[in-house]
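As provided, input_5.cif (mmCIF, C-alpha atoms and all ligand atoms) reads as follows.
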data_upload
#
loop_
_atom_site.label_atom_id
_atom_site.label_comp_id
_atom_site.auth_asym_id
_atom_site.auth_seq_id
_atom_site.Cartn_x
_atom_site.Cartn_y
_atom_site.Cartn_z
CA MET A 1 -1.73 29.88 -19.09
CA HIS A 2 -4.02 27.40 -20.65
CA GLU A 3 -5.18 24.40 -18.66
CA SER A 4 -4.90 21.03 -20.28
CA THR A 5 -8.16 19.17 -20.71
CA GLY A 6 -9.40 15.79 -21.84
CA ILE A 7 -7.74 12.45 -21.27
CA THR A 8 -4.32 13.96 -20.56
CA ASN A 9 -5.88 15.56 -17.49
CA MET A 10 -7.31 12.41 -15.98
CA LYS A 11 -7.69 12.97 -12.27
CA ASN A 12 -7.00 10.49 -9.55
CA ARG A 13 -10.05 9.68 -7.43
CA ILE A 14 -9.69 9.34 -3.70
CA LEU A 15 -12.21 7.90 -1.24
CA ILE A 16 -12.24 9.58 2.18
CA VAL A 17 -13.61 7.45 5.02
CA GLU A 18 -13.69 9.64 8.12
CA ASP A 19 -16.44 10.21 10.69
CA GLU A 20 -15.30 13.63 11.92
CA GLU A 21 -16.96 16.21 9.72
CA GLY A 22 -14.30 18.87 10.26
CA ILE A 23 -11.49 16.58 9.18
CA ARG A 24 -13.52 15.27 6.25
CA GLU A 25 -14.11 18.83 5.02
CA MET A 26 -10.44 19.72 5.42
CA LEU A 27 -9.45 16.60 3.47
CA GLY A 28 -11.97 17.30 0.71
CA TYR A 29 -10.83 20.90 0.44
CA THR A 30 -7.17 19.91 0.28
CA LEU A 31 -7.78 17.19 -2.30
CA SER A 32 -9.77 19.43 -4.65
CA ARG A 33 -7.16 22.16 -4.34
CA GLU A 34 -4.54 19.61 -5.40
CA GLY A 35 -6.61 18.56 -8.39
CA PHE A 36 -7.96 15.25 -7.09
CA ASN A 37 -11.52 14.01 -7.39
CA PHE A 38 -12.92 12.60 -4.19
CA ASP A 39 -15.84 10.78 -2.63
CA GLU A 40 -16.58 10.81 1.07
CA ALA A 41 -18.12 8.45 3.58
CA ASP A 42 -18.50 8.73 7.35
CA ASN A 43 -18.65 5.01 8.03
CA VAL A 44 -17.79 1.66 6.52
CA ASP A 45 -21.31 0.95 5.21
CA SER A 46 -21.45 4.17 3.16
CA ALA A 47 -17.91 3.51 1.94
CA SER A 48 -18.94 0.02 0.77
CA THR A 49 -21.94 1.45 -1.08
CA LEU A 50 -19.70 4.01 -2.84
CA LEU A 51 -17.22 1.29 -3.81
CA GLU A 52 -20.00 -0.64 -5.56
CA SER A 53 -20.32 2.14 -8.13
CA THR A 54 -16.81 3.64 -8.32
CA LEU A 55 -13.42 2.22 -7.46
CA PRO A 56 -11.01 4.93 -6.29
CA ASP A 57 -7.26 5.09 -6.92
CA LEU A 58 -6.59 5.41 -3.20
CA ILE A 59 -8.49 5.24 0.10
CA LEU A 60 -7.86 7.56 3.05
CA LEU A 61 -9.17 5.49 5.92
CA ASP A 62 -9.71 6.72 9.46
CA TRP A 63 -8.72 4.21 12.12
CA MET A 64 -11.47 4.95 14.64
CA LEU A 65 -14.88 4.80 12.99
CA PRO A 66 -18.31 4.14 14.47
CA GLY A 67 -19.29 0.51 13.81
CA MET A 68 -16.58 -1.40 12.00
CA SER A 69 -13.11 0.10 12.62
CA GLY A 70 -10.89 1.34 9.82
CA LEU A 71 -8.43 -1.38 10.72
CA ASP A 72 -10.95 -4.19 10.20
CA TYR A 73 -12.21 -2.52 7.07
CA ALA A 74 -8.66 -2.39 5.65
CA ARG A 75 -8.42 -6.11 6.21
CA ARG A 76 -11.77 -6.69 4.52
CA LEU A 77 -10.75 -4.55 1.51
CA ARG A 78 -7.61 -6.66 1.13
CA LYS A 79 -9.65 -9.85 1.00
CA SER A 80 -11.91 -8.74 -1.82
CA PRO A 81 -10.63 -9.31 -5.38
CA GLU A 82 -12.27 -6.02 -6.47
CA THR A 83 -10.54 -3.84 -3.88
CA ARG A 84 -7.34 -5.63 -2.89
CA HIS A 85 -5.22 -3.57 -5.31
CA ILE A 86 -6.41 -0.16 -4.03
CA PRO A 87 -3.74 1.53 -1.87
CA ILE A 88 -4.85 2.53 1.64
CA ILE A 89 -3.47 5.30 3.84
CA MET A 90 -4.66 4.98 7.44
CA LEU A 91 -5.44 8.15 9.37
CA THR A 92 -4.73 7.59 13.01
CA ALA A 93 -4.74 9.66 16.16
CA LYS A 94 -2.69 7.02 17.88
CA THR A 95 0.99 7.65 18.25
CA ASP A 96 1.83 4.26 19.63
CA GLU A 97 4.38 2.52 17.40
CA THR A 98 2.85 -0.95 17.78
CA ASP A 99 -0.49 0.40 16.55
CA LYS A 100 1.15 1.79 13.43
CA VAL A 101 2.81 -1.50 12.74
CA LYS A 102 -0.53 -3.23 13.28
CA GLY A 103 -2.09 -0.90 10.68
CA LEU A 104 0.54 -1.95 8.16
CA ASP A 105 0.02 -5.59 9.12
CA TYR A 106 -3.68 -5.28 8.38
CA GLY A 107 -3.10 -4.14 4.84
CA ALA A 108 -2.52 -0.38 4.92
CA ASP A 109 0.21 0.94 2.61
CA ASP A 110 1.04 3.91 4.80
CA TYR A 111 -0.32 5.73 7.80
CA ILE A 112 -0.45 9.33 8.84
CA THR A 113 -0.85 10.47 12.43
CA LYS A 114 -3.32 13.21 13.36
CA PRO A 115 -2.78 16.08 13.56
CA PHE A 116 -1.00 16.26 10.23
CA SER A 117 -0.18 19.12 7.88
CA THR A 118 -1.95 19.18 4.53
CA ARG A 119 1.47 19.35 2.91
CA GLU A 120 2.53 16.08 4.51
CA LEU A 121 -0.79 14.49 3.60
CA VAL A 122 -0.51 15.51 -0.05
CA SER A 123 3.07 14.32 -0.40
CA ARG A 124 2.19 10.96 1.14
CA ILE A 125 -0.79 10.54 -1.17
CA LYS A 126 1.35 11.36 -4.19
CA ALA A 127 4.10 8.97 -3.06
CA VAL A 128 1.65 6.10 -2.56
CA LEU A 129 -0.02 6.78 -5.93
CA ARG A 130 3.37 6.90 -7.66
CA ARG A 131 4.29 3.59 -6.13
CA SER A 132 1.03 1.91 -7.03
CA GLN A 133 1.14 3.17 -10.59
CA SER A 134 4.79 2.40 -11.26
CA VAL A 135 4.52 -1.36 -11.43
CA SER A 136 5.00 -1.81 -15.12
CA ASP A 137 3.25 -4.36 -17.20
CA LYS A 138 5.84 -6.79 -18.48
CA GLY A 139 3.66 -9.85 -18.46
CA THR A 140 3.57 -12.62 -15.91
CA ILE A 141 6.81 -13.48 -14.14
CA GLU A 142 7.28 -16.98 -12.81
CA ILE A 143 9.96 -18.57 -10.69
CA GLU A 144 9.65 -22.18 -9.54
CA GLY A 145 5.87 -22.13 -9.33
CA LEU A 146 5.60 -18.66 -7.81
CA SER A 147 3.92 -16.45 -10.36
CA LEU A 148 3.24 -12.69 -10.50
CA ASP A 149 1.03 -10.82 -12.90
CA PRO A 150 1.87 -7.08 -12.85
CA GLU A 151 -1.28 -6.23 -14.77
CA THR A 152 -3.77 -7.73 -12.33
CA TYR A 153 -1.59 -7.61 -9.18
CA ARG A 154 -2.25 -11.32 -8.82
CA VAL A 155 0.20 -13.69 -7.25
CA SER A 156 -0.17 -17.43 -7.29
CA ALA A 157 1.73 -20.39 -5.94
CA HIS A 158 1.51 -23.52 -8.09
CA GLY A 159 -1.66 -22.12 -9.61
CA GLN A 160 -3.27 -21.28 -6.27
CA SER A 161 -4.11 -17.60 -5.82
CA ILE A 162 -2.37 -15.77 -2.94
CA GLU A 163 -3.86 -12.79 -1.13
CA ILE A 164 -1.31 -9.96 -1.19
CA SER A 165 -1.37 -6.21 -0.51
CA PRO A 166 -0.07 -3.67 -3.07
CA THR A 167 3.11 -2.90 -1.14
CA GLU A 168 3.98 -6.57 -0.70
CA PHE A 169 3.23 -7.08 -4.35
CA ARG A 170 5.68 -4.35 -5.37
CA LEU A 171 8.30 -5.65 -2.99
CA LEU A 172 7.96 -9.19 -4.33
CA HIS A 173 7.89 -7.88 -7.89
CA PHE A 174 11.12 -5.99 -7.30
CA PHE A 175 12.80 -9.00 -5.68
CA ILE A 176 11.70 -11.41 -8.38
CA SER A 177 12.91 -9.04 -11.10
CA HIS A 178 16.29 -8.65 -9.33
CA PRO A 179 17.12 -12.07 -7.93
CA GLU A 180 20.34 -13.12 -6.22
CA ARG A 181 21.34 -9.57 -5.34
CA VAL A 182 21.51 -8.09 -1.86
CA TYR A 183 19.69 -4.82 -1.22
CA THR A 184 19.98 -2.62 1.83
CA ARG A 185 16.83 -1.24 3.45
CA ALA A 186 17.64 2.18 2.03
CA GLN A 187 17.97 0.73 -1.48
CA LEU A 188 14.68 -1.13 -1.13
CA LEU A 189 12.99 2.07 0.04
CA ASP A 190 14.27 3.91 -3.02
CA GLN A 191 13.36 1.12 -5.42
CA VAL A 192 10.03 -0.01 -4.02
CA TRP A 193 8.69 3.00 -2.13
CA GLY A 194 10.29 5.74 -4.19
CA GLN A 195 12.24 8.57 -2.66
CA ASN A 196 9.81 9.24 0.14
CA VAL A 197 11.43 11.04 3.05
CA TYR A 198 8.60 10.08 5.40
CA VAL A 199 9.14 6.34 5.30
CA GLU A 200 11.49 4.97 7.91
CA GLU A 201 13.84 2.06 7.20
CA ARG A 202 12.02 -0.03 9.81
CA THR A 203 9.00 -0.02 7.50
CA VAL A 204 10.95 -2.30 5.18
CA ASP A 205 11.28 -4.90 7.94
CA VAL A 206 7.54 -4.74 8.61
CA HIS A 207 6.74 -5.40 4.97
CA ILE A 208 9.38 -8.11 4.64
CA ARG A 209 7.78 -9.85 7.61
CA ARG A 210 4.35 -9.56 6.02
CA LEU A 211 5.62 -10.80 2.68
CA ARG A 212 7.22 -13.84 4.31
CA LYS A 213 4.03 -14.55 6.23
CA THR A 214 2.05 -14.37 2.99
CA LEU A 215 4.43 -16.73 1.20
CA GLN A 216 5.00 -19.06 4.14
CA PRO A 217 2.04 -21.45 3.58
CA TYR A 218 3.47 -22.21 0.13
CA GLY A 219 7.08 -22.52 1.26
CA PHE A 220 8.23 -19.51 -0.77
CA ASP A 221 9.14 -17.45 2.31
CA LYS A 222 12.59 -19.05 2.26
CA TYR A 223 13.32 -17.14 -0.97
CA ILE A 224 13.22 -13.86 0.94
CA GLN A 225 16.53 -14.07 2.72
CA THR A 226 18.02 -11.86 5.40
CA VAL A 227 21.64 -11.01 4.77
CA ARG A 228 22.95 -10.18 8.18
CA SER A 229 23.92 -6.55 8.79
CA VAL A 230 23.36 -5.78 5.10
CA GLY A 231 19.75 -6.24 4.08
CA TYR A 232 17.67 -8.65 2.05
CA ARG A 233 17.92 -10.79 -1.03
CA PHE A 234 15.59 -12.88 -3.16
CA SER A 235 17.21 -16.18 -3.87
CA THR A 236 16.01 -19.64 -4.88
CA VAL A 237 19.40 -21.03 -3.84
CA HIS A 238 19.57 -22.08 -0.20
CA CA A 301 -12.65 8.90 13.82
#
Could I get this file's structure written as structure tokens?
Amino acid sequence: MHESTGITNMKNRILIVEDEEGIREMLGYTLSREGFNFDEADNVDSASTLLESTLPDLILLDWMLPGMSGLDYARRLRKSPETRHIPIIMLTAKTDETDKVKGLDYGADDYITKPFSTRELVSRIKAVLRRSQSVSDKGTIEIEGLSLDPETYRVSAHGQSIEISPTEFRLLHFFISHPERVYTRAQLLDQVWGQNVYVEERTVDVHIRRLRKTLQPYGFDKYIQTVRSVGYRFSTVH
């Protein structure tokens, strides 16, 4: 067999931010075996320095880091126009459900609990990359002053830019492209997250809540409607 080369073989680049050397090595080994390029950092400062020269396609971010925590760093990455579109998977040793939800609230796209199998890790990375790369460029979509640009991942309300994470962006993009129809959580998972067996239906509720919170200052949260015992709908009709 002959390996393909050149632009058709463009590799995804992943930034590993993890202070435990053993885990970092295991992650690096797994990623190269799967054909990814990677950079590694053992704290937030080194990660920031790396980001100044190369923007990765995804960040694997440990929760507990010396200095600034992974959680606070995720929030900071979401605030910066240069990094807000980069998907983040949090690595956490915590099994507490509220902590996981908090990770998603702070801007992570997914989380994985240590110890994890490399197989699970790889399938989660691939699922998140698929999701982030599947938002197609169909030009800016606008409904009643709420505008989305699939190319830049920018959302604005009456011309004012809104800070939004990649998952919320995809969710809003899906809703706005399919208005006035009710979707169950399972359907939203399929459509927005892809067929990822690891994502629970409750995750949809977490992201809906975040999306509403993001849109709330502009009054657009009312467009994301709960349809009791069925699911959710995007509607400009109240
Ligand atoms: Ca750690």
Could you list, with a cut-off of 6 Å and counting all atoms listed in the file, the residues of chain A near ligand CA 301 (chain A), each shown with its nearest atom pair and the distance in Å rounded to one decimal, rows sorted by chain and ascending number, as a tab-separated table?
residue	atom	partner	partner_atom	distance
A:Glu18	CA	A:CA301	CA	5.8
A:Asp19	CA	A:CA301	CA	5.1
A:Glu20	CA	A:CA301	CA	5.7
A:Asp62	CA	A:CA301	CA	5.7
A:Met64	CA	A:CA301	CA	4.2
A:Leu65	CA	A:CA301	CA	4.7
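Closest to A:Asp221 among A:Arg84, A:Arg13, A:Arg154, A:Arg233 is A:Arg233, based on only C-alpha atoms.
Interatomic distance, atom CA of A:Thr83 to atom CA of A:Leu51: 8.4 Å.
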Kindly provide the residues of stretch 149-213 of chain A that approach stretch 234-237 of chain A to within 9 Å, each paired with its closest atom pair and their distance in Å to one decimal, based on all atoms listed in the file, listed by chain and increasing number, as a tab-separated table.
residue	atom	partner	partner_atom	distance
A:Leu172	CA	A:Phe234	CA	8.6
A:Phe175	CA	A:Phe234	CA	5.4
A:Ile176	CA	A:Phe234	CA	6.7
A:His178	CA	A:Phe234	CA	7.5
A:Pro179	CA	A:Phe234	CA	5.1
A:Glu180	CA	A:Ser235	CA	5.0
A:Arg181	CA	A:Phe234	CA	7.0
A:Val182	CA	A:Phe234	CA	7.7
Have a look at A:Ser123, A:Thr92, A:Gln191, A:Ser117 and name the one nearest to A:Leu61; count only C-alpha atoms. A:Thr92
Under the rule of at most 12 Å, produce a per-residue listing of stretch 83-188 of chain A near stretch 33-47 of chain A: chain, number, name, the closest pair of atoms, and the distance in Å, as a tab-separated table, using all atoms listed in the file.
residue	atom	partner	partner_atom	distance
A:Thr83	CA	A:Ala47	CA	11.9
A:Thr118	CA	A:Glu34	CA	10.3
A:Arg119	CA	A:Glu34	CA	10.3
A:Leu121	CA	A:Glu34	CA	11.0
A:Val122	CA	A:Glu34	CA	7.9
A:Ser123	CA	A:Glu34	CA	10.5
A:Ile125	CA	A:Phe36	CA	10.4
A:Lys126	CA	A:Glu34	CA	10.2
A:Leu129	CA	A:Phe36	CA	11.7
Those same residues, written as an mmCIF file, in the frame of the given file with C-alpha atoms?
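And here's selection-v1.cif as it stands now:
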data_model
loop_
_atom_site.group_PDB
_atom_site.id
_atom_site.type_symbol
_atom_site.label_atom_id
_atom_site.label_comp_id
_atom_site.auth_asym_id
_atom_site.auth_seq_id
_atom_site.Cartn_x
_atom_site.Cartn_y
_atom_site.Cartn_z
ATOM 1 C CA THR A 83 -10.540 -3.840 -3.880
ATOM 2 C CA THR A 118 -1.950 19.180 4.530
ATOM 3 C CA ARG A 119 1.470 19.350 2.910
ATOM 4 C CA LEU A 121 -0.790 14.490 3.600
ATOM 5 C CA VAL A 122 -0.510 15.510 -0.050
ATOM 6 C CA SER A 123 3.070 14.320 -0.400
ATOM 7 C CA ILE A 125 -0.790 10.540 -1.170
ATOM 8 C CA LYS A 126 1.350 11.360 -4.190
ATOM 9 C CA LEU A 129 -0.020 6.780 -5.930
#
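Checking A:His173, A:Arg78, A:Arg228, A:Arg202 one by one against A:Pro150, counting only C-alpha atoms, you find the shortest gap at A:His173.
Atom to atom, atom CA of A:Trp193 and atom CA of A:Arg131 stand 6.0 Å apart.
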Just checking: using only C-alpha atoms, which residue out of A:Ser53, A:Tyr223, A:Leu91, A:Tyr73 ends up closest to A:Ile143? A:Tyr223
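Atom CA of A:Glu163 lies 10.2 Å from atom CA of A:His85.
With all atoms listed in the file taken into account, every residue lying no more than 6 Å from the file point (-10.6, 9.8, -0.9) is included here: Ile14, Leu15, Ile16, Phe38, Asp39, Ile59 and Leu60 of chain A.
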Grab the residues selected above and save them as a PDB file, keeping the file's coordinate frame with C-alpha atoms.
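Below you can see part34.pdb, which holds the result:
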ATOM      1  CA  ILE A  14      -9.690   9.340  -3.700  1.00  0.00           C
ATOM      2  CA  LEU A  15     -12.210   7.900  -1.240  1.00  0.00           C
ATOM      3  CA  ILE A  16     -12.240   9.580   2.180  1.00  0.00           C
ATOM      4  CA  PHE A  38     -12.920  12.600  -4.190  1.00  0.00           C
ATOM      5  CA  ASP A  39     -15.840  10.780  -2.630  1.00  0.00           C
ATOM      6  CA  ILE A  59      -8.490   5.240   0.100  1.00  0.00           C
ATOM      7  CA  LEU A  60      -7.860   7.560   3.050  1.00  0.00           C
TER       8      LEU A  60
END
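Residues in contact with A:His207 at up to 9 Å, not including ones fewer than 3 positions away on its chain and judged by only C-alpha atoms, are Leu104, Asp105, Thr167, Glu168, Leu171, Arg202, Thr203, Val204, Arg210, Leu211 and Arg212 of chain A.
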Top pick for closest residue to A:Asp72, considering A:Phe116, A:Leu50, A:Gly219, A:Gly107 and counting only C-alpha atoms: A:Gly107
Looking at all atoms listed in the file, which of A:Leu215, A:Ala127, A:Ala186, A:Ile141 is the one that sits closest to A:Glu201? A:Ala186
Quick one: what's the axis-aligned box for stretch 189-203 of chain A, all listed atoms, 8 Å on every side, centre and edges in Å to one decimal, as AutoDock Vina command-line options?
--center_x 11.4 --center_y 5.5 --center_z 2.2 --size_x 21.7 --size_y 27.1 --size_z 31.2
Tell me, as a ChimeraX atom specification, which residues lie within 10 Å of A:Glu142, counting all atoms listed in the file; anything in the same chain fewer than 4 positions away does not count. /A:146-149,155-158,176-177
